[in-house]
file start00.json (JSON, N, CA and C atoms)
[["chain", "number", "residue", "atom", "x", "y", "z"],
["A", 1, "MET", "N", 49.33, 124.03, 139.13],
["A", 1, "MET", "CA", 49.56, 122.61, 138.95],
["A", 1, "MET", "C", 49.37, 122.22, 137.49],
["A", 2, "THR", "N", 48.39, 122.77, 136.83],
["A", 2, "THR", "CA", 48.14, 122.46, 135.43],
["A", 2, "THR", "C", 49.33, 122.84, 134.56],
["A", 3, "VAL", "N", 49.96, 123.96, 134.84],
["A", 3, "VAL", "CA", 51.10, 124.41, 134.05],
["A", 3, "VAL", "C", 52.22, 123.39, 134.11],
["A", 4, "VAL", "N", 52.49, 122.84, 135.29],
["A", 4, "VAL", "CA", 53.54, 121.84, 135.44],
["A", 4, "VAL", "C", 53.24, 120.62, 134.59],
["A", 5, "LEU", "N", 52.00, 120.16, 134.61],
["A", 5, "LEU", "CA", 51.64, 118.99, 133.82],
["A", 5, "LEU", "C", 51.79, 119.26, 132.34],
["A", 6, "LEU", "N", 51.43, 120.46, 131.89],
["A", 6, "LEU", "CA", 51.60, 120.80, 130.48],
["A", 6, "LEU", "C", 53.06, 120.83, 130.08],
["A", 7, "VAL", "N", 53.91, 121.34, 130.95],
["A", 7, "VAL", "CA", 55.35, 121.38, 130.67],
["A", 7, "VAL", "C", 55.88, 119.96, 130.55],
["A", 8, "LEU", "N", 55.47, 119.07, 131.45],
["A", 8, "LEU", "CA", 55.93, 117.69, 131.40],
["A", 8, "LEU", "C", 55.45, 117.01, 130.14],
["A", 9, "LEU", "N", 54.22, 117.26, 129.73],
["A", 9, "LEU", "CA", 53.71, 116.66, 128.51],
["A", 9, "LEU", "C", 54.47, 117.16, 127.29],
["A", 10, "SER", "N", 54.74, 118.45, 127.21],
["A", 10, "SER", "CA", 55.45, 118.98, 126.05],
["A", 10, "SER", "C", 56.87, 118.44, 125.99],
["A", 11, "SER", "N", 57.49, 118.20, 127.12],
["A", 11, "SER", "CA", 58.84, 117.64, 127.15],
["A", 11, "SER", "C", 58.87, 116.23, 126.60],
["A", 12, "SER", "N", 57.87, 115.45, 126.98],
["A", 12, "SER", "CA", 57.87, 114.06, 126.57],
["A", 12, "SER", "C", 57.68, 113.92, 125.07],
["A", 13, "MET", "N", 57.05, 114.91, 124.43],
["A", 13, "MET", "CA", 56.82, 114.85, 122.99],
["A", 13, "MET", "C", 58.06, 115.23, 122.19],
["A", 14, "GLY", "N", 58.82, 116.21, 122.65],
["A", 14, "GLY", "CA", 59.93, 116.73, 121.87],
["A", 14, "GLY", "C", 61.26, 116.08, 122.15],
["A", 15, "GLY", "N", 61.46, 115.49, 123.30],
["A", 15, "GLY", "CA", 62.71, 114.86, 123.63],
["A", 15, "GLY", "C", 63.74, 115.78, 124.28],
["A", 16, "ALA", "N", 63.65, 117.08, 124.07],
["A", 16, "ALA", "CA", 64.61, 118.02, 124.66],
["A", 16, "ALA", "C", 64.11, 118.50, 126.02],
["A", 17, "GLN", "N", 65.06, 118.94, 126.86],
["A", 17, "GLN", "CA", 64.69, 119.48, 128.17],
["A", 17, "GLN", "C", 64.02, 120.84, 128.01],
["A", 18, "ASP", "N", 62.95, 121.04, 128.75],
["A", 18, "ASP", "CA", 62.32, 122.36, 128.82],
["A", 18, "ASP", "C", 63.01, 123.14, 129.92],
["A", 19, "LYS", "N", 63.32, 124.40, 129.66],
["A", 19, "LYS", "CA", 63.91, 125.28, 130.67],
["A", 19, "LYS", "C", 62.78, 125.91, 131.47],
["A", 20, "VAL", "N", 62.86, 125.81, 132.80],
["A", 20, "VAL", "CA", 61.77, 126.26, 133.67],
["A", 20, "VAL", "C", 62.32, 127.15, 134.77],
["A", 21, "ILE", "N", 61.65, 128.30, 134.98],
["A", 21, "ILE", "CA", 61.84, 129.10, 136.18],
["A", 21, "ILE", "C", 60.54, 128.95, 136.95],
["A", 22, "PHE", "N", 60.61, 128.39, 138.13],
["A", 22, "PHE", "CA", 59.42, 128.08, 138.92],
["A", 22, "PHE", "C", 59.12, 129.25, 139.85],
["A", 23, "ASP", "N", 58.03, 129.97, 139.55],
["A", 23, "ASP", "CA", 57.62, 131.14, 140.33],
["A", 23, "ASP", "C", 56.51, 130.70, 141.28],
["A", 24, "THR", "N", 56.64, 131.03, 142.57],
["A", 24, "THR", "CA", 55.71, 130.51, 143.56],
["A", 24, "THR", "C", 55.40, 131.51, 144.65],
["A", 25, "ASP", "N", 54.27, 131.30, 145.30],
["A", 25, "ASP", "CA", 53.90, 132.02, 146.51],
["A", 25, "ASP", "C", 53.67, 130.97, 147.60],
["A", 26, "CYS", "N", 54.61, 130.10, 147.72],
["A", 26, "CYS", "CA", 54.50, 128.87, 148.50],
["A", 26, "CYS", "C", 54.18, 129.08, 149.98],
["A", 27, "ALA", "N", 53.40, 128.16, 150.51],
["A", 27, "ALA", "CA", 53.18, 127.99, 151.94],
["A", 27, "ALA", "C", 53.67, 126.59, 152.28],
["A", 28, "TYR", "N", 53.52, 126.17, 153.51],
["A", 28, "TYR", "CA", 54.02, 124.89, 153.95],
["A", 28, "TYR", "C", 53.46, 123.76, 153.09],
["A", 29, "PHE", "N", 54.29, 123.12, 152.35],
["A", 29, "PHE", "CA", 54.01, 122.04, 151.40],
["A", 29, "PHE", "C", 52.59, 122.07, 150.84],
["A", 30, "ASN", "N", 52.24, 123.19, 150.22],
["A", 30, "ASN", "CA", 50.96, 123.26, 149.53],
["A", 30, "ASN", "C", 51.15, 122.75, 148.10],
["A", 31, "ASP", "N", 50.26, 123.10, 147.21],
["A", 31, "ASP", "CA", 50.35, 122.62, 145.84],
["A", 31, "ASP", "C", 51.64, 123.06, 145.14],
["A", 32, "ASP", "N", 52.18, 124.21, 145.53],
["A", 32, "ASP", "CA", 53.44, 124.67, 144.93],
["A", 32, "ASP", "C", 54.60, 123.75, 145.31],
["A", 33, "GLY", "N", 54.61, 123.31, 146.55],
["A", 33, "GLY", "CA", 55.65, 122.38, 146.99],
["A", 33, "GLY", "C", 55.56, 121.05, 146.25],
["A", 34, "ALA", "N", 54.32, 120.57, 146.08],
["A", 34, "ALA", "CA", 54.11, 119.32, 145.35],
["A", 34, "ALA", "C", 54.53, 119.47, 143.89],
["A", 35, "ALA", "N", 54.21, 120.63, 143.29],
["A", 35, "ALA", "CA", 54.59, 120.87, 141.90],
["A", 35, "ALA", "C", 56.11, 120.91, 141.75],
["A", 36, "LEU", "N", 56.80, 121.51, 142.71],
["A", 36, "LEU", "CA", 58.27, 121.55, 142.66],
["A", 36, "LEU", "C", 58.85, 120.14, 142.74],
["A", 37, "VAL", "N", 58.29, 119.31, 143.59],
["A", 37, "VAL", "CA", 58.74, 117.91, 143.67],
["A", 37, "VAL", "C", 58.55, 117.22, 142.33],
["A", 38, "MET", "N", 57.41, 117.45, 141.68],
["A", 38, "MET", "CA", 57.17, 116.82, 140.37],
["A", 38, "MET", "C", 58.20, 117.27, 139.35],
["A", 39, "LEU", "N", 58.53, 118.56, 139.35],
["A", 39, "LEU", "CA", 59.56, 119.05, 138.42],
["A", 39, "LEU", "C", 60.91, 118.39, 138.70],
["A", 40, "LEU", "N", 61.27, 118.32, 139.97],
["A", 40, "LEU", "CA", 62.58, 117.78, 140.34],
["A", 40, "LEU", "C", 62.69, 116.28, 140.08],
["A", 41, "ARG", "N", 61.59, 115.60, 139.99],
["A", 41, "ARG", "CA", 61.62, 114.16, 139.72],
["A", 41, "ARG", "C", 61.84, 113.83, 138.25],
["A", 42, "HIS", "N", 61.90, 114.86, 137.40],
["A", 42, "HIS", "CA", 62.07, 114.62, 135.96],
["A", 42, "HIS", "C", 63.22, 115.44, 135.38],
["A", 43, "PRO", "N", 64.43, 115.25, 135.89],
["A", 43, "PRO", "CA", 65.57, 116.04, 135.38],
["A", 43, "PRO", "C", 65.90, 115.75, 133.92],
["A", 44, "GLU", "N", 65.47, 114.62, 133.42],
["A", 44, "GLU", "CA", 65.71, 114.31, 132.01],
["A", 44, "GLU", "C", 64.81, 115.14, 131.10],
["A", 45, "LYS", "N", 63.71, 115.68, 131.64],
["A", 45, "LYS", "CA", 62.76, 116.46, 130.86],
["A", 45, "LYS", "C", 62.80, 117.95, 131.20],
["A", 46, "ILE", "N", 63.22, 118.27, 132.43],
["A", 46, "ILE", "CA", 63.15, 119.65, 132.92],
["A", 46, "ILE", "C", 64.53, 120.15, 133.32],
["A", 47, "ASP", "N", 64.90, 121.30, 132.82],
["A", 47, "ASP", "CA", 66.10, 122.01, 133.27],
["A", 47, "ASP", "C", 65.61, 123.14, 134.16],
["A", 48, "LEU", "N", 65.58, 122.91, 135.48],
["A", 48, "LEU", "CA", 65.07, 123.89, 136.43],
["A", 48, "LEU", "C", 66.14, 124.95, 136.65],
["A", 49, "LEU", "N", 65.91, 126.14, 136.08],
["A", 49, "LEU", "CA", 66.89, 127.22, 136.13],
["A", 49, "LEU", "C", 66.88, 127.95, 137.46],
["A", 50, "GLY", "N", 65.76, 127.91, 138.17],
["A", 50, "GLY", "CA", 65.67, 128.59, 139.45],
["A", 50, "GLY", "C", 64.26, 128.60, 139.98],
["A", 51, "VAL", "N", 64.15, 129.01, 141.25],
["A", 51, "VAL", "CA", 62.86, 129.14, 141.93],
["A", 51, "VAL", "C", 62.77, 130.57, 142.44],
["A", 52, "THR", "N", 61.62, 131.20, 142.21],
["A", 52, "THR", "CA", 61.38, 132.53, 142.75],
["A", 52, "THR", "C", 60.21, 132.44, 143.72],
["A", 53, "VAL", "N", 60.28, 133.22, 144.80],
["A", 53, "VAL", "CA", 59.24, 133.20, 145.83],
["A", 53, "VAL", "C", 58.75, 134.63, 146.07],
["A", 54, "VAL", "N", 57.44, 134.81, 146.00],
["A", 54, "VAL", "CA", 56.82, 136.12, 146.26],
["A", 54, "VAL", "C", 55.75, 135.96, 147.33],
["A", 55, "ALA", "N", 55.24, 137.09, 147.81],
["A", 55, "ALA", "CA", 54.16, 137.07, 148.81],
["A", 55, "ALA", "C", 52.89, 136.52, 148.18],
["A", 56, "GLY", "N", 52.10, 135.85, 148.99],
["A", 56, "GLY", "CA", 50.84, 135.29, 148.52],
["A", 56, "GLY", "C", 50.24, 134.44, 149.62],
["A", 57, "ASN", "N", 50.48, 133.15, 149.54],
["A", 57, "ASN", "CA", 50.00, 132.23, 150.58],
["A", 57, "ASN", "C", 50.77, 132.41, 151.88],
["A", 58, "GLU", "N", 51.96, 132.93, 151.79],
["A", 58, "GLU", "CA", 52.85, 133.11, 152.94],
["A", 58, "GLU", "C", 53.76, 134.30, 152.62],
["A", 59, "TRP", "N", 54.40, 134.87, 153.63],
["A", 59, "TRP", "CA", 55.39, 135.91, 153.38],
["A", 59, "TRP", "C", 56.58, 135.29, 152.66],
["A", 60, "PRO", "N", 57.25, 136.05, 151.80],
["A", 60, "PRO", "CA", 58.31, 135.49, 150.97],
["A", 60, "PRO", "C", 59.43, 134.78, 151.73],
["A", 61, "LEU", "N", 59.88, 135.32, 152.85],
["A", 61, "LEU", "CA", 60.97, 134.66, 153.58],
["A", 61, "LEU", "C", 60.55, 133.29, 154.09],
["A", 62, "GLN", "N", 59.32, 133.19, 154.59],
["A", 62, "GLN", "CA", 58.83, 131.89, 155.06],
["A", 62, "GLN", "C", 58.64, 130.94, 153.89],
["A", 63, "GLY", "N", 58.09, 131.44, 152.78],
["A", 63, "GLY", "CA", 57.92, 130.61, 151.59],
["A", 63, "GLY", "C", 59.25, 130.12, 151.05],
["A", 64, "ALA", "N", 60.27, 130.99, 151.09],
["A", 64, "ALA", "CA", 61.60, 130.60, 150.63],
["A", 64, "ALA", "C", 62.16, 129.48, 151.51],
["A", 65, "GLU", "N", 61.91, 129.57, 152.80],
["A", 65, "GLU", "CA", 62.37, 128.51, 153.71],
["A", 65, "GLU", "C", 61.74, 127.17, 153.34],
["A", 66, "TYR", "N", 60.45, 127.18, 153.03],
["A", 66, "TYR", "CA", 59.78, 125.94, 152.62],
["A", 66, "TYR", "C", 60.36, 125.41, 151.31],
["A", 67, "MET", "N", 60.57, 126.31, 150.35],
["A", 67, "MET", "CA", 61.11, 125.88, 149.06],
["A", 67, "MET", "C", 62.53, 125.34, 149.20],
["A", 68, "LEU", "N", 63.34, 125.99, 150.04],
["A", 68, "LEU", "CA", 64.70, 125.49, 150.28],
["A", 68, "LEU", "C", 64.67, 124.10, 150.89],
["A", 69, "HIS", "N", 63.73, 123.87, 151.78],
["A", 69, "HIS", "CA", 63.59, 122.54, 152.40],
["A", 69, "HIS", "C", 63.26, 121.49, 151.33],
["A", 70, "VAL", "N", 62.36, 121.82, 150.41],
["A", 70, "VAL", "CA", 62.02, 120.89, 149.33],
["A", 70, "VAL", "C", 63.25, 120.64, 148.46],
["A", 71, "LEU", "N", 63.96, 121.71, 148.08],
["A", 71, "LEU", "CA", 65.15, 121.55, 147.25],
["A", 71, "LEU", "C", 66.20, 120.67, 147.93],
["A", 72, "GLU", "N", 66.43, 120.91, 149.20],
["A", 72, "GLU", "CA", 67.42, 120.10, 149.94],
["A", 72, "GLU", "C", 66.98, 118.65, 150.05],
["A", 73, "THR", "N", 65.72, 118.43, 150.37],
["A", 73, "THR", "CA", 65.19, 117.08, 150.51],
["A", 73, "THR", "C", 65.30, 116.30, 149.20],
["A", 74, "MET", "N", 65.11, 116.99, 148.09],
["A", 74, "MET", "CA", 65.16, 116.35, 146.77],
["A", 74, "MET", "C", 66.58, 116.29, 146.20],
["A", 75, "GLY", "N", 67.57, 116.78, 146.96],
["A", 75, "GLY", "CA", 68.95, 116.73, 146.50],
["A", 75, "GLY", "C", 69.26, 117.74, 145.40],
["A", 76, "ALA", "N", 68.53, 118.86, 145.39],
["A", 76, "ALA", "CA", 68.71, 119.87, 144.35],
["A", 76, "ALA", "C", 69.25, 121.16, 144.94],
["A", 77, "ARG", "N", 70.29, 121.06, 145.72],
["A", 77, "ARG", "CA", 70.86, 122.24, 146.39],
["A", 77, "ARG", "C", 71.49, 123.22, 145.42],
["A", 78, "ASP", "N", 71.75, 122.79, 144.20],
["A", 78, "ASP", "CA", 72.37, 123.65, 143.21],
["A", 78, "ASP", "C", 71.36, 124.55, 142.47],
["A", 79, "VAL", "N", 70.07, 124.33, 142.68],
["A", 79, "VAL", "CA", 69.05, 125.16, 142.03],
["A", 79, "VAL", "C", 68.96, 126.48, 142.78],
["A", 80, "PRO", "N", 69.19, 127.62, 142.11],
["A", 80, "PRO", "CA", 69.13, 128.91, 142.80],
["A", 80, "PRO", "C", 67.71, 129.28, 143.19],
["A", 81, "LEU", "N", 67.60, 129.96, 144.33],
["A", 81, "LEU", "CA", 66.31, 130.43, 144.84],
["A", 81, "LEU", "C", 66.40, 131.94, 145.04],
["A", 82, "PHE", "N", 65.41, 132.65, 144.53],
["A", 82, "PHE", "CA", 65.39, 134.11, 144.63],
["A", 82, "PHE", "C", 64.12, 134.57, 145.31],
["A", 83, "ILE", "N", 64.24, 135.57, 146.18],
["A", 83, "ILE", "CA", 63.08, 136.13, 146.85],
["A", 83, "ILE", "C", 62.67, 137.39, 146.10],
["A", 84, "GLY", "N", 61.40, 137.45, 145.69],
["A", 84, "GLY", "CA", 60.90, 138.58, 144.94],
["A", 84, "GLY", "C", 60.14, 139.57, 145.81],
["A", 85, "ALA", "N", 59.07, 140.10, 145.26],
["A", 85, "ALA", "CA", 58.27, 141.14, 145.92],
["A", 85, "ALA", "C", 57.77, 140.67, 147.28],
["A", 86, "HIS", "N", 57.83, 141.58, 148.26],
["A", 86, "HIS", "CA", 57.43, 141.23, 149.62],
["A", 86, "HIS", "C", 55.98, 141.54, 149.89],
["A", 87, "ALA", "N", 55.33, 142.32, 149.07],
["A", 87, "ALA", "CA", 53.90, 142.60, 149.30],
["A", 87, "ALA", "C", 53.25, 143.10, 148.04]]
call {"tool": "encode", "arguments": {"input": "start00.json", "output": "structure tokens"}}
result
Amino acid sequence: MTVVLLVLLSSSMGGAQDKVIFDTDCAYFNDDGAALVMLLRHPEKIDLLGVTVVAGNEWPLQGAEYMLHVLETMGARDVPLFIGAHA
């Protein structure tokens, strides 16, 4: 969560969009889901290049399902999602 806030702060100072690849081990709307929503709410500051999901809080396929739901809910269906390491 701290990383997201730092990215948002650096964007507001420079004026240009920061390019972000959001790497997560997401579970059902945990802090990673909230952080993704924060990124998506600032398209003028953040160029979200993609989301990656790895094992951690949840298995990658389940985490990817949660992240896809957030992307769809936020109207960001064009953001690519990649599944990484399974264990």
call {"tool": "atom_distance", "arguments": {"input": "start00.json", "atom1": "atom N of Asn57 of chain A", "atom2": "atom C of Arg41 of chain A"}}
result
25.1 Å
call {"tool": "select_by_dssp", "arguments": {"input": "start00.json", "residues": "chain A", "states": "strand (DSSP E)", "output": "ChimeraX atom specification"}}
result
/A:18-24,46-53,81-83
call {"tool": "atom_distance", "arguments": {"input": "start00.json", "atom1": "atom C of Asp18 of chain A", "atom2": "atom N of Glu58 of chain A"}}
result
26.4 Å
call {"tool": "residues_around", "arguments": {"input": "start00.json", "residues": "segment 79-83 of chain A", "least_positions_apart": "6", "cutoff": "12 Å", "atoms": "only C-alpha atoms", "output": "ChimeraX atom specification"}}
result
/A:20-26,36,39-40,43,47-55,59-72
call {"tool": "axis_aligned_box", "arguments": {"input": "start00.json", "around": "segment 18-22 of chain A", "padding_each_side": "5 Å", "output": "JSON"}}
result
{"center_x": 61.5, "center_y": 125.1, "center_z": 134.3, "size_x": 14.8, "size_y": 18.2, "size_z": 21.1}
call {"tool": "select_by_dssp", "arguments": {"input": "start00.json", "residues": "chain A", "states": "helix (DSSP H, G or I)", "output": "MDAnalysis selection string"}}
result
chainID A and resid 2:14 31:40 60:73
call {"tool": "atom_distance", "arguments": {"input": "start00.json", "atom1": "atom CA of Ala35 of chain A", "atom2": "atom C of Met74 of chain A"}}
result
13.5 Å
call {"tool": "closest_residue", "arguments": {"input": "start00.json", "among": "A:Gly33, A:Ala85, A:Tyr28, A:Gln17", "to": "Ile46 of chain A", "atoms": "only C-alpha atoms"}}
result
A:Gln17
call {"tool": "decode", "arguments": {"input": "start00.json", "residues": "segment 42-73 of chain A", "atoms": "N, CA, C and O atoms", "output": "PDB file, in the first residue's frame"}}
result
ATOM      1  N   HIS A  42      -6.886   7.154 -10.787  1.00  0.00           N
ATOM      2  CA  HIS A  42      -6.023   8.279 -11.155  1.00  0.00           C
ATOM      3  C   HIS A  42      -5.363   8.077 -12.516  1.00  0.00           C
ATOM      4  O   HIS A  42      -4.132   8.109 -12.638  1.00  0.00           O
ATOM      5  N   PRO A  43      -6.169   7.907 -13.569  1.00  0.00           N
ATOM      6  CA  PRO A  43      -5.579   7.677 -14.900  1.00  0.00           C
ATOM      7  C   PRO A  43      -4.782   8.872 -15.418  1.00  0.00           C
ATOM      8  O   PRO A  43      -3.934   8.706 -16.290  1.00  0.00           O
ATOM      9  N   GLU A  44      -5.019  10.043 -14.885  1.00  0.00           N
ATOM     10  CA  GLU A  44      -4.244  11.205 -15.309  1.00  0.00           C
ATOM     11  C   GLU A  44      -2.824  11.160 -14.747  1.00  0.00           C
ATOM     12  O   GLU A  44      -1.922  11.809 -15.268  1.00  0.00           O
ATOM     13  N   LYS A  45      -2.608  10.374 -13.689  1.00  0.00           N
ATOM     14  CA  LYS A  45      -1.295  10.278 -13.052  1.00  0.00           C
ATOM     15  C   LYS A  45      -0.611   8.932 -13.301  1.00  0.00           C
ATOM     16  O   LYS A  45       0.604   8.835 -13.223  1.00  0.00           O
ATOM     17  N   ILE A  46      -1.414   7.893 -13.556  1.00  0.00           N
ATOM     18  CA  ILE A  46      -0.888   6.532 -13.648  1.00  0.00           C
ATOM     19  C   ILE A  46      -1.214   5.925 -15.008  1.00  0.00           C
ATOM     20  O   ILE A  46      -2.367   5.935 -15.440  1.00  0.00           O
ATOM     21  N   ASP A  47      -0.209   5.394 -15.669  1.00  0.00           N
ATOM     22  CA  ASP A  47      -0.397   4.597 -16.879  1.00  0.00           C
ATOM     23  C   ASP A  47      -0.204   3.150 -16.454  1.00  0.00           C
ATOM     24  O   ASP A  47       0.928   2.675 -16.330  1.00  0.00           O
ATOM     25  N   LEU A  48      -1.311   2.450 -16.157  1.00  0.00           N
ATOM     26  CA  LEU A  48      -1.252   1.077 -15.678  1.00  0.00           C
ATOM     27  C   LEU A  48      -1.014   0.156 -16.866  1.00  0.00           C
ATOM     28  O   LEU A  48      -1.895  -0.079 -17.687  1.00  0.00           O
ATOM     29  N   LEU A  49       0.209  -0.366 -16.965  1.00  0.00           N
ATOM     30  CA  LEU A  49       0.617  -1.191 -18.102  1.00  0.00           C
ATOM     31  C   LEU A  49       0.108  -2.618 -17.993  1.00  0.00           C
ATOM     32  O   LEU A  49      -0.039  -3.300 -19.004  1.00  0.00           O
ATOM     33  N   GLY A  50      -0.154  -3.073 -16.776  1.00  0.00           N
ATOM     34  CA  GLY A  50      -0.638  -4.433 -16.596  1.00  0.00           C
ATOM     35  C   GLY A  50      -0.667  -4.828 -15.137  1.00  0.00           C
ATOM     36  O   GLY A  50      -0.134  -4.134 -14.273  1.00  0.00           O
ATOM     37  N   VAL A  51      -1.308  -5.968 -14.882  1.00  0.00           N
ATOM     38  CA  VAL A  51      -1.400  -6.550 -13.546  1.00  0.00           C
ATOM     39  C   VAL A  51      -0.840  -7.960 -13.629  1.00  0.00           C
ATOM     40  O   VAL A  51      -1.168  -8.707 -14.556  1.00  0.00           O
ATOM     41  N   THR A  52       0.012  -8.313 -12.678  1.00  0.00           N
ATOM     42  CA  THR A  52       0.517  -9.674 -12.588  1.00  0.00           C
ATOM     43  C   THR A  52       0.047 -10.274 -11.271  1.00  0.00           C
ATOM     44  O   THR A  52      -0.055  -9.582 -10.266  1.00  0.00           O
ATOM     45  N   VAL A  53      -0.261 -11.569 -11.295  1.00  0.00           N
ATOM     46  CA  VAL A  53      -0.765 -12.254 -10.103  1.00  0.00           C
ATOM     47  C   VAL A  53       0.084 -13.497  -9.854  1.00  0.00           C
ATOM     48  O   VAL A  53       0.280 -14.305 -10.761  1.00  0.00           O
ATOM     49  N   VAL A  54       0.585 -13.626  -8.628  1.00  0.00           N
ATOM     50  CA  VAL A  54       1.374 -14.791  -8.226  1.00  0.00           C
ATOM     51  C   VAL A  54       0.764 -15.409  -6.975  1.00  0.00           C
ATOM     52  O   VAL A  54      -0.120 -14.828  -6.356  1.00  0.00           O
ATOM     53  N   ALA A  55       1.252 -16.581  -6.603  1.00  0.00           N
ATOM     54  CA  ALA A  55       0.782 -17.251  -5.388  1.00  0.00           C
ATOM     55  C   ALA A  55       1.216 -16.450  -4.161  1.00  0.00           C
ATOM     56  O   ALA A  55       2.252 -15.811  -4.159  1.00  0.00           O
ATOM     57  N   GLY A  56       0.393 -16.500  -3.140  1.00  0.00           N
ATOM     58  CA  GLY A  56       0.703 -15.807  -1.893  1.00  0.00           C
ATOM     59  C   GLY A  56      -0.487 -15.905  -0.970  1.00  0.00           C
ATOM     60  O   GLY A  56      -0.683 -16.906  -0.294  1.00  0.00           O
ATOM     61  N   ASN A  57      -1.308 -14.869  -0.972  1.00  0.00           N
ATOM     62  CA  ASN A  57      -2.526 -14.880  -0.160  1.00  0.00           C
ATOM     63  C   ASN A  57      -3.563 -15.858  -0.709  1.00  0.00           C
ATOM     64  O   ASN A  57      -4.458 -16.283   0.004  1.00  0.00           O
ATOM     65  N   GLU A  58      -3.464 -16.156  -1.979  1.00  0.00           N
ATOM     66  CA  GLU A  58      -4.422 -17.025  -2.673  1.00  0.00           C
ATOM     67  C   GLU A  58      -3.663 -17.686  -3.823  1.00  0.00           C
ATOM     68  O   GLU A  58      -2.606 -17.227  -4.224  1.00  0.00           O
ATOM     69  N   TRP A  59      -4.202 -18.765  -4.375  1.00  0.00           N
ATOM     70  CA  TRP A  59      -3.607 -19.364  -5.568  1.00  0.00           C
ATOM     71  C   TRP A  59      -3.773 -18.399  -6.728  1.00  0.00           C
ATOM     72  O   TRP A  59      -4.748 -17.643  -6.795  1.00  0.00           O
ATOM     73  N   PRO A  60      -2.828 -18.383  -7.665  1.00  0.00           N
ATOM     74  CA  PRO A  60      -2.843 -17.388  -8.735  1.00  0.00           C
ATOM     75  C   PRO A  60      -4.134 -17.333  -9.552  1.00  0.00           C
ATOM     76  O   PRO A  60      -4.591 -16.243  -9.888  1.00  0.00           O
ATOM     77  N   LEU A  61      -4.721 -18.461  -9.891  1.00  0.00           N
ATOM     78  CA  LEU A  61      -5.949 -18.423 -10.701  1.00  0.00           C
ATOM     79  C   LEU A  61      -7.080 -17.736  -9.950  1.00  0.00           C
ATOM     80  O   LEU A  61      -7.839 -16.948 -10.530  1.00  0.00           O
ATOM     81  N   GLN A  62      -7.207 -18.015  -8.658  1.00  0.00           N
ATOM     82  CA  GLN A  62      -8.251 -17.366  -7.863  1.00  0.00           C
ATOM     83  C   GLN A  62      -7.949 -15.883  -7.703  1.00  0.00           C
ATOM     84  O   GLN A  62      -8.834 -15.036  -7.814  1.00  0.00           O
ATOM     85  N   GLY A  63      -6.682 -15.543  -7.460  1.00  0.00           N
ATOM     86  CA  GLY A  63      -6.291 -14.138  -7.352  1.00  0.00           C
ATOM     87  C   GLY A  63      -6.540 -13.385  -8.644  1.00  0.00           C
ATOM     88  O   GLY A  63      -6.979 -12.230  -8.635  1.00  0.00           O
ATOM     89  N   ALA A  64      -6.275 -14.035  -9.778  1.00  0.00           N
ATOM     90  CA  ALA A  64      -6.523 -13.405 -11.077  1.00  0.00           C
ATOM     91  C   ALA A  64      -8.013 -13.133 -11.262  1.00  0.00           C
ATOM     92  O   ALA A  64      -8.394 -12.095 -11.805  1.00  0.00           O
ATOM     93  N   GLU A  65      -8.846 -14.056 -10.812  1.00  0.00           N
ATOM     94  CA  GLU A  65     -10.296 -13.847 -10.904  1.00  0.00           C
ATOM     95  C   GLU A  65     -10.710 -12.611 -10.114  1.00  0.00           C
ATOM     96  O   GLU A  65     -11.502 -11.799 -10.586  1.00  0.00           O
ATOM     97  N   TYR A  66     -10.150 -12.446  -8.922  1.00  0.00           N
ATOM     98  CA  TYR A  66     -10.472 -11.260  -8.118  1.00  0.00           C
ATOM     99  C   TYR A  66      -9.993  -9.980  -8.803  1.00  0.00           C
ATOM    100  O   TYR A  66     -10.712  -8.977  -8.846  1.00  0.00           O
ATOM    101  N   MET A  67      -8.774 -10.020  -9.342  1.00  0.00           N
ATOM    102  CA  MET A  67      -8.238  -8.833 -10.005  1.00  0.00           C
ATOM    103  C   MET A  67      -9.038  -8.488 -11.260  1.00  0.00           C
ATOM    104  O   MET A  67      -9.298  -7.320 -11.533  1.00  0.00           O
ATOM    105  N   LEU A  68      -9.445  -9.516 -12.016  1.00  0.00           N
ATOM    106  CA  LEU A  68     -10.283  -9.261 -13.197  1.00  0.00           C
ATOM    107  C   LEU A  68     -11.598  -8.614 -12.805  1.00  0.00           C
ATOM    108  O   LEU A  68     -12.097  -7.717 -13.499  1.00  0.00           O
ATOM    109  N   HIS A  69     -12.163  -9.057 -11.702  1.00  0.00           N
ATOM    110  CA  HIS A  69     -13.417  -8.467 -11.220  1.00  0.00           C
ATOM    111  C   HIS A  69     -13.217  -6.980 -10.890  1.00  0.00           C
ATOM    112  O   HIS A  69     -14.049  -6.140 -11.260  1.00  0.00           O
ATOM    113  N   VAL A  70     -12.114  -6.647 -10.235  1.00  0.00           N
ATOM    114  CA  VAL A  70     -11.829  -5.240  -9.929  1.00  0.00           C
ATOM    115  C   VAL A  70     -11.657  -4.448 -11.225  1.00  0.00           C
ATOM    116  O   VAL A  70     -12.217  -3.356 -11.377  1.00  0.00           O
ATOM    117  N   LEU A  71     -10.883  -4.988 -12.169  1.00  0.00           N
ATOM    118  CA  LEU A  71     -10.673  -4.290 -13.441  1.00  0.00           C
ATOM    119  C   LEU A  71     -11.987  -4.053 -14.175  1.00  0.00           C
ATOM    120  O   LEU A  71     -12.240  -2.951 -14.689  1.00  0.00           O
ATOM    121  N   GLU A  72     -12.835  -5.064 -14.224  1.00  0.00           N
ATOM    122  CA  GLU A  72     -14.130  -4.919 -14.904  1.00  0.00           C
ATOM    123  C   GLU A  72     -15.020  -3.915 -14.187  1.00  0.00           C
ATOM    124  O   GLU A  72     -15.663  -3.075 -14.823  1.00  0.00           O
ATOM    125  N   THR A  73     -15.070  -3.989 -12.871  1.00  0.00           N
ATOM    126  CA  THR A  73     -15.898  -3.075 -12.086  1.00  0.00           C
ATOM    127  C   THR A  73     -15.468  -1.625 -12.284  1.00  0.00           C
ATOM    128  O   THR A  73     -16.293  -0.726 -12.358  1.00  0.00           O
TER     129      THR A  73
END
